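Asks: Input file: final-v2.pdb. Contents: PDB, C-alpha atoms.
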ATOM      1  CA  ALA K   1     129.159  69.091  52.725
ATOM      2  CA  LEU K   2     125.578  70.180  53.013
ATOM      3  CA  ASN K   3     124.813  73.402  51.153
ATOM      4  CA  LEU K   4     122.024  75.343  52.851
ATOM      5  CA  SER K   5     122.618  78.540  50.895
ATOM      6  CA  PRO K   6     119.610  79.693  48.853
ATOM      7  CA  ASN K   7     122.005  80.683  46.068
ATOM      8  CA  TYR K   8     124.426  78.038  44.820
ATOM      9  CA  PHE K   9     126.802  80.674  43.450
ATOM     10  CA  ALA K  10     126.971  82.443  46.821
ATOM     11  CA  ALA K  11     128.071  79.189  48.435
ATOM     12  CA  LEU K  12     130.658  78.735  45.690
ATOM     13  CA  GLU K  13     131.970  82.269  46.273
ATOM     14  CA  ILE K  14     132.277  81.526  50.002
ATOM     15  CA  ALA K  15     134.212  78.335  49.263
ATOM     16  CA  PHE K  16     136.567  80.217  46.913
ATOM     17  CA  TRP K  17     137.020  82.992  49.499
ATOM     18  CA  LEU K  18     137.994  80.379  52.092
ATOM     19  CA  LEU K  19     140.685  79.077  49.717
ATOM     20  CA  GLY K  20     142.099  82.568  49.135
ATOM     21  CA  ALA K  21     143.021  84.185  45.841
ATOM     22  CA  VAL K  22     144.070  87.483  44.306
ATOM     23  CA  GLU K  23     142.628  86.755  40.873
ATOM     24  CA  ASN K  24     139.787  88.944  39.584
ATOM     25  CA  ARG K  25     140.712  91.752  41.953
ATOM     26  CA  SER K  26     140.977  95.356  40.815
ATOM     27  CA  TRP K  27     142.341  98.627  42.123
ATOM     28  CA  LEU K  28     138.871  99.265  43.532
ATOM     29  CA  HIS K  29     139.364  96.309  45.872
ATOM     30  CA  VAL K  30     142.728  97.734  46.904
ATOM     31  CA  ALA K  31     141.168 101.149  47.522
ATOM     32  CA  LEU K  32     138.464  99.606  49.704
ATOM     33  CA  ALA K  33     140.950  97.653  51.826
ATOM     34  CA  LEU K  34     143.655 100.327  52.012
ATOM     35  CA  PRO K  35     142.310 102.627  54.774
ATOM     36  CA  GLY K  36     141.850  99.843  57.315
ATOM     37  CA  THR K  37     145.045  98.081  56.331
ATOM     38  CA  LEU K  38     147.166 101.239  56.533
ATOM     39  CA  SER K  39     145.588 102.234  59.860
ATOM     40  CA  GLY K  40     146.409  98.818  61.274
ATOM     41  CA  CYS K  41     149.972  98.979  59.973
ATOM     42  CA  VAL K  42     150.486 102.404  61.553
ATOM     43  CA  LEU K  43     149.204 101.110  64.904
ATOM     44  CA  MET K  44     151.544  98.108  64.710
ATOM     45  CA  LEU K  45     154.567 100.182  63.695
ATOM     46  CA  THR K  46     154.019 102.676  66.515
ATOM     47  CA  ALA K  47     153.967  99.735  68.929
ATOM     48  CA  SER K  48     157.095  98.069  67.520
ATOM     49  CA  ARG K  49     159.502  99.354  70.189
ATOM     50  CA  LEU K  50     157.041  98.348  72.901
ATOM     51  CA  LEU K  51     156.904  94.884  71.344
ATOM     52  CA  ASP K  52     160.684  94.693  71.779
ATOM     53  CA  GLY K  53     160.153  95.162  75.507
ATOM     54  CA  LEU K  54     157.385  92.568  75.524
ATOM     55  CA  ALA K  55     159.714  90.091  73.783
ATOM     56  CA  LEU K  56     161.791  90.121  76.970
ATOM     57  CA  GLY K  57     158.805  88.846  78.932
ATOM     58  CA  GLU K  58     155.693  90.359  80.435
ATOM     59  CA  GLU K  59     157.216  91.031  83.853
ATOM     60  CA  VAL K  60     160.257  92.743  82.344
ATOM     61  CA  ALA K  61     157.984  94.803  80.088
ATOM     62  CA  ARG K  62     155.989  95.983  83.110
ATOM     63  CA  THR K  63     159.230  96.840  84.883
ATOM     64  CA  LEU K  64     160.237  98.915  81.854
ATOM     65  CA  GLY K  65     157.018 100.903  82.291
ATOM     66  CA  ILE K  66     155.058  99.432  79.407
ATOM     67  CA  ASN K  67     151.300  99.676  79.910
ATOM     68  CA  MET K  68     150.337  96.094  79.038
ATOM     69  CA  GLY K  69     146.601  96.772  78.741
ATOM     70  CA  ARG K  70     147.140  99.626  76.303
ATOM     71  CA  LEU K  71     149.717  97.635  74.325
ATOM     72  CA  ARG K  72     147.418  94.608  74.055
ATOM     73  CA  PHE K  73     144.580  96.834  72.860
ATOM     74  CA  GLN K  74     146.784  98.627  70.327
ATOM     75  CA  ILE K  75     148.196  95.372  68.955
ATOM     76  CA  SER K  76     144.766  93.724  68.800
ATOM     77  CA  VAL K  77     143.168  96.654  66.982
ATOM     78  CA  GLY K  78     146.172  97.056  64.667
ATOM     79  CA  LEU K  79     146.207  93.391  63.718
ATOM     80  CA  ALA K  80     142.435  93.266  63.279
ATOM     81  CA  LEU K  81     142.454  96.291  60.968
ATOM     82  CA  ALA K  82     145.479  95.223  58.920
ATOM     83  CA  VAL K  83     144.572  91.567  58.535
ATOM     84  CA  GLY K  84     140.847  92.244  58.208
ATOM     85  CA  GLY K  85     141.396  94.694  55.367
ATOM     86  CA  VAL K  86     143.538  92.276  53.399
ATOM     87  CA  VAL K  87     141.439  89.177  54.099
ATOM     88  CA  SER K  88     138.244  90.989  53.108
ATOM     89  CA  VAL K  89     139.670  91.332  49.595
ATOM     90  CA  THR K  90     141.812  88.215  49.124
ATOM     91  CA  GLY K  91     140.113  85.658  51.302
ATOM     92  CA  VAL K  92     142.031  83.404  53.631
ATOM     93  CA  ILE K  93     145.585  82.859  52.388
ATOM     94  CA  GLY K  94     146.994  80.751  55.169
ATOM     95  CA  PHE K  95     150.509  80.443  56.534
ATOM     96  CA  VAL K  96     151.907  83.656  55.002
ATOM     97  CA  GLY K  97     151.941  85.183  58.483
ATOM     98  CA  LEU K  98     153.881  82.150  59.698
ATOM     99  CA  LEU K  99     156.313  81.840  56.794
ATOM    100  CA  ALA K 100     157.342  85.476  56.317
ATOM    101  CA  PRO K 101     158.640  86.266  59.840
ATOM    102  CA  HIS K 102     160.569  83.001  59.998
ATOM    103  CA  LEU K 103     162.183  83.670  56.631
ATOM    104  CA  VAL K 104     163.189  87.179  57.771
ATOM    105  CA  ARG K 105     164.432  86.479  61.313
ATOM    106  CA  PRO K 106     167.802  84.960  60.346
ATOM    107  CA  VAL K 107     168.624  88.271  58.625
ATOM    108  CA  THR K 108     166.971  90.823  60.928
ATOM    109  CA  GLY K 109     167.188  89.101  64.288
ATOM    110  CA  ALA K 110     164.298  88.386  66.612
ATOM    111  CA  LEU K 111     163.391  91.923  67.671
ATOM    112  CA  PRO K 112     159.883  92.800  66.459
ATOM    113  CA  SER K 113     160.896  96.379  65.613
ATOM    114  CA  ARG K 114     163.412  95.048  63.087
ATOM    115  CA  THR K 115     161.154  92.270  61.799
ATOM    116  CA  LEU K 116     157.794  93.960  61.120
ATOM    117  CA  ILE K 117     158.510  95.803  57.859
ATOM    118  CA  PRO K 118     160.791  93.162  56.264
ATOM    119  CA  ALA K 119     158.296  90.421  57.170
ATOM    120  CA  ALA K 120     155.470  92.400  55.551
ATOM    121  CA  LEU K 121     157.544  92.876  52.387
ATOM    122  CA  VAL K 122     158.598  89.214  52.274
ATOM    123  CA  GLY K 123     154.966  88.189  52.837
ATOM    124  CA  ALA K 124     153.848  90.350  49.914
ATOM    125  CA  ILE K 125     156.611  88.955  47.693
ATOM    126  CA  LEU K 126     155.713  85.417  48.773
ATOM    127  CA  VAL K 127     152.054  85.953  47.820
ATOM    128  CA  VAL K 128     152.991  87.425  44.418
ATOM    129  CA  LEU K 129     155.429  84.575  43.680
ATOM    130  CA  ALA K 130     152.941  81.930  44.815
ATOM    131  CA  ASP K 131     150.178  83.514  42.716
ATOM    132  CA  THR K 132     152.467  83.621  39.677
ATOM    133  CA  PHE K 133     153.421  79.981  40.211
ATOM    134  CA  ILE K 134     149.760  78.960  40.599
ATOM    135  CA  ARG K 135     148.834  80.691  37.339
ATOM    136  CA  LEU K 136     151.673  78.968  35.448
ATOM    137  CA  ILE K 137     150.741  75.425  36.515
ATOM    138  CA  PRO K 138     148.655  73.750  33.807
ATOM    139  CA  THR K 139     145.576  72.273  35.521
ATOM    140  CA  SER K 140     142.023  71.525  34.418
ATOM    141  CA  THR K 141     140.686  73.841  37.135
ATOM    142  CA  GLU K 142     142.605  76.746  38.589
ATOM    143  CA  LEU K 143     144.389  75.946  41.808
ATOM    144  CA  LYS K 144     143.805  78.445  44.599
ATOM    145  CA  LEU K 145     146.559  80.477  46.221
ATOM    146  CA  GLY K 146     145.704  79.344  49.750
ATOM    147  CA  VAL K 147     146.317  75.728  48.748
ATOM    148  CA  LEU K 148     149.906  76.447  47.665
ATOM    149  CA  THR K 149     150.701  78.530  50.744
ATOM    150  CA  ALA K 150     149.348  75.683  52.885
ATOM    151  CA  PHE K 151     151.692  73.243  51.122
ATOM    152  CA  LEU K 152     154.580  75.575  51.946
ATOM    153  CA  GLY K 153     153.437  76.447  55.460
ATOM    154  CA  VAL K 154     152.525  73.059  56.912
ATOM    155  CA  PRO K 155     156.088  71.649  56.730
ATOM    156  CA  LEU K 156     157.433  74.801  58.409
ATOM    157  CA  LEU K 157     154.786  74.521  61.113
ATOM    158  CA  LEU K 158     155.764  70.901  61.736
ATOM    159  CA  VAL K 159     159.455  71.832  61.939
ATOM    160  CA  LEU K 160     158.658  74.597  64.423
ATOM    161  CA  LEU K 161     156.495  72.300  66.532
ATOM    162  CA  LEU K 162     159.149  69.592  66.630
ATOM    163  CA  GLN K 163     162.049  71.907  67.545
ATOM    164  CA  PRO K 164     163.083  71.465  71.161
ATOM    165  CA  ASN K 165     163.610  74.673  73.148
ATOM    166  CA  ALA K 166     162.389  76.947  70.358
ATOM    167  CA  SER K 167     162.481  80.488  71.682
ATOM    168  CA  VAL K 168     161.809  83.870  70.137
ATOM    169  CA  LEU K 169     164.928  85.324  71.723
ATOM    170  CA  SER K 170     167.281  82.432  70.903
ATOM    171  CA  GLU K 171     167.959  83.816  67.397
ATOM    172  CA  ARG K 172     169.656  87.023  68.573
TER
END
Could you spell out this file's structure in structure tokens?

Replies:
Amino acid sequence: ALNLSPNYFAALEIAFWLLGAVENRSWLHVALALPGTLSGCVLMLTASRLLDGLALGEEVARTLGINMGRLRFQISVGLALAVGGVVSVTGVIGFVGLLAPHLVRPVTGALPSRTLIPAALVGAILVVLADTFIRLIPTSTELKLGVLTAFLGVPLLLVLLLQPNASVLSER
């Protein structure tokens, strides 16, 4: 790839950020990301019951009196704050948001109100386990966390894409 960055190390930092990692992070990084991340989580948790209604379908949700415009805005802002805060510190660690809910749904069911907190906890545990595994593998250069989560996530994505009649509500 062509590197047009005036500083080679800046381009290298960008490449490492795109691969995702939690190495060389401190509590200062956590403190910087925490306000936005917590705000986003609060917005998502306050919308969890409304998401249950939306899981029944948009028309049913409207019939239940859910303001779809407000819900979309709240979910969009909540996700942007929560994910943006974390990604600003760790970089892009792909497929965690795909793996965690699907690992949790057989236990919690498909309702978003029951899935949000366990999926967040499983996602955090998954990242810690993957990071530990990455650090234990003897390699000449350190493997990045996003690479391992991609190896785990791509097969799940393929399974989900190849499942006939996959539905959010079919797991109830």

Asks: Apply the PyMOL selection byres ((chain K and resi 105) around 12) to the structure shown and report the selected residues as a PDB file with C-alpha atoms, keeping the file's coordinate frame.

Replies:
ATOM      1  CA  LEU K  98     153.881  82.150  59.698  1.00  0.00           C
ATOM      2  CA  LEU K  99     156.313  81.840  56.794  1.00  0.00           C
ATOM      3  CA  ALA K 100     157.342  85.476  56.317  1.00  0.00           C
ATOM      4  CA  PRO K 101     158.640  86.266  59.840  1.00  0.00           C
ATOM      5  CA  HIS K 102     160.569  83.001  59.998  1.00  0.00           C
ATOM      6  CA  LEU K 103     162.183  83.670  56.631  1.00  0.00           C
ATOM      7  CA  VAL K 104     163.189  87.179  57.771  1.00  0.00           C
ATOM      8  CA  PRO K 106     167.802  84.960  60.346  1.00  0.00           C
ATOM      9  CA  VAL K 107     168.624  88.271  58.625  1.00  0.00           C
ATOM     10  CA  THR K 108     166.971  90.823  60.928  1.00  0.00           C
ATOM     11  CA  GLY K 109     167.188  89.101  64.288  1.00  0.00           C
ATOM     12  CA  ALA K 110     164.298  88.386  66.612  1.00  0.00           C
ATOM     13  CA  LEU K 111     163.391  91.923  67.671  1.00  0.00           C
ATOM     14  CA  PRO K 112     159.883  92.800  66.459  1.00  0.00           C
ATOM     15  CA  SER K 113     160.896  96.379  65.613  1.00  0.00           C
ATOM     16  CA  ARG K 114     163.412  95.048  63.087  1.00  0.00           C
ATOM     17  CA  THR K 115     161.154  92.270  61.799  1.00  0.00           C
ATOM     18  CA  LEU K 116     157.794  93.960  61.120  1.00  0.00           C
ATOM     19  CA  ILE K 117     158.510  95.803  57.859  1.00  0.00           C
ATOM     20  CA  PRO K 118     160.791  93.162  56.264  1.00  0.00           C
ATOM     21  CA  ALA K 119     158.296  90.421  57.170  1.00  0.00           C
ATOM     22  CA  VAL K 122     158.598  89.214  52.274  1.00  0.00           C
ATOM     23  CA  VAL K 168     161.809  83.870  70.137  1.00  0.00           C
ATOM     24  CA  LEU K 169     164.928  85.324  71.723  1.00  0.00           C
ATOM     25  CA  SER K 170     167.281  82.432  70.903  1.00  0.00           C
ATOM     26  CA  GLU K 171     167.959  83.816  67.397  1.00  0.00           C
ATOM     27  CA  ARG K 172     169.656  87.023  68.573  1.00  0.00           C
TER      28      ARG K 172
END

Asks: Restricting the calculation to all atoms listed in the file: of K:Gln74, K:Asn7, K:Ser88, K:Asn24, which residue gets closest to Thr37 of chain K?

Replies: K:Ser88

Asks: For each of K:Gly84, K:Pro138, K:Gly78, K:Gly94, take the minimum atom-to-atom distance to Ala150 of chain K, counting only C-alpha atoms, then give the residue where this is smallest.

Replies: K:Gly94

Asks: Expressed in Å to a single decimal, how great is the separation between atom CA of Glu23 of chain K and atom CA of Gly146 of chain K?

Replies: 12.0 Å

Asks: Could you please determine the separation between atom CA of Val147 of chain K and atom CA of Tyr8 of chain K in Å, to one decimal place?

Replies: 22.4 Å

Asks: Using Å and a single decimal, report how far atom CA of Leu152 of chain K sits from atom CA of Leu43 of chain K.

Replies: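 Answer for the atom CA of Leu43 of chain K to atom CA of Leu152 of chain K separation: 29.1 Å.
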
Asks: Take every atom of segment 93-106 of chain K listed in the file, fit an axis-aligned box around them, add 5 Å per side, and give the centre and edge lengths in Å to one decimal as JSON.

Replies:
{"center_x": 156.7, "center_y": 83.8, "center_z": 56.9, "size_x": 32.2, "size_y": 16.7, "size_z": 18.9}

Asks: Go through the shown structure with the PyMOL selection byres ((chain K and resi 81) around 8) and write out the matching residues as a list in words.

Replies: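 Written out, the selection comes to Gly36, Thr37, Ser39, Gly40, Val77, Gly78, Leu79, Ala80, Ala82, Val83, Gly84 and Gly85 of chain K.
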
Asks: I would like the residues chosen by the PyMOL selection byres ((chain K and resi 17-19) around 10) on the shown file; could you give them as an MDAnalysis selection string?

Replies: chainID K and resid 11:16 20:22 87:94 143:148 150
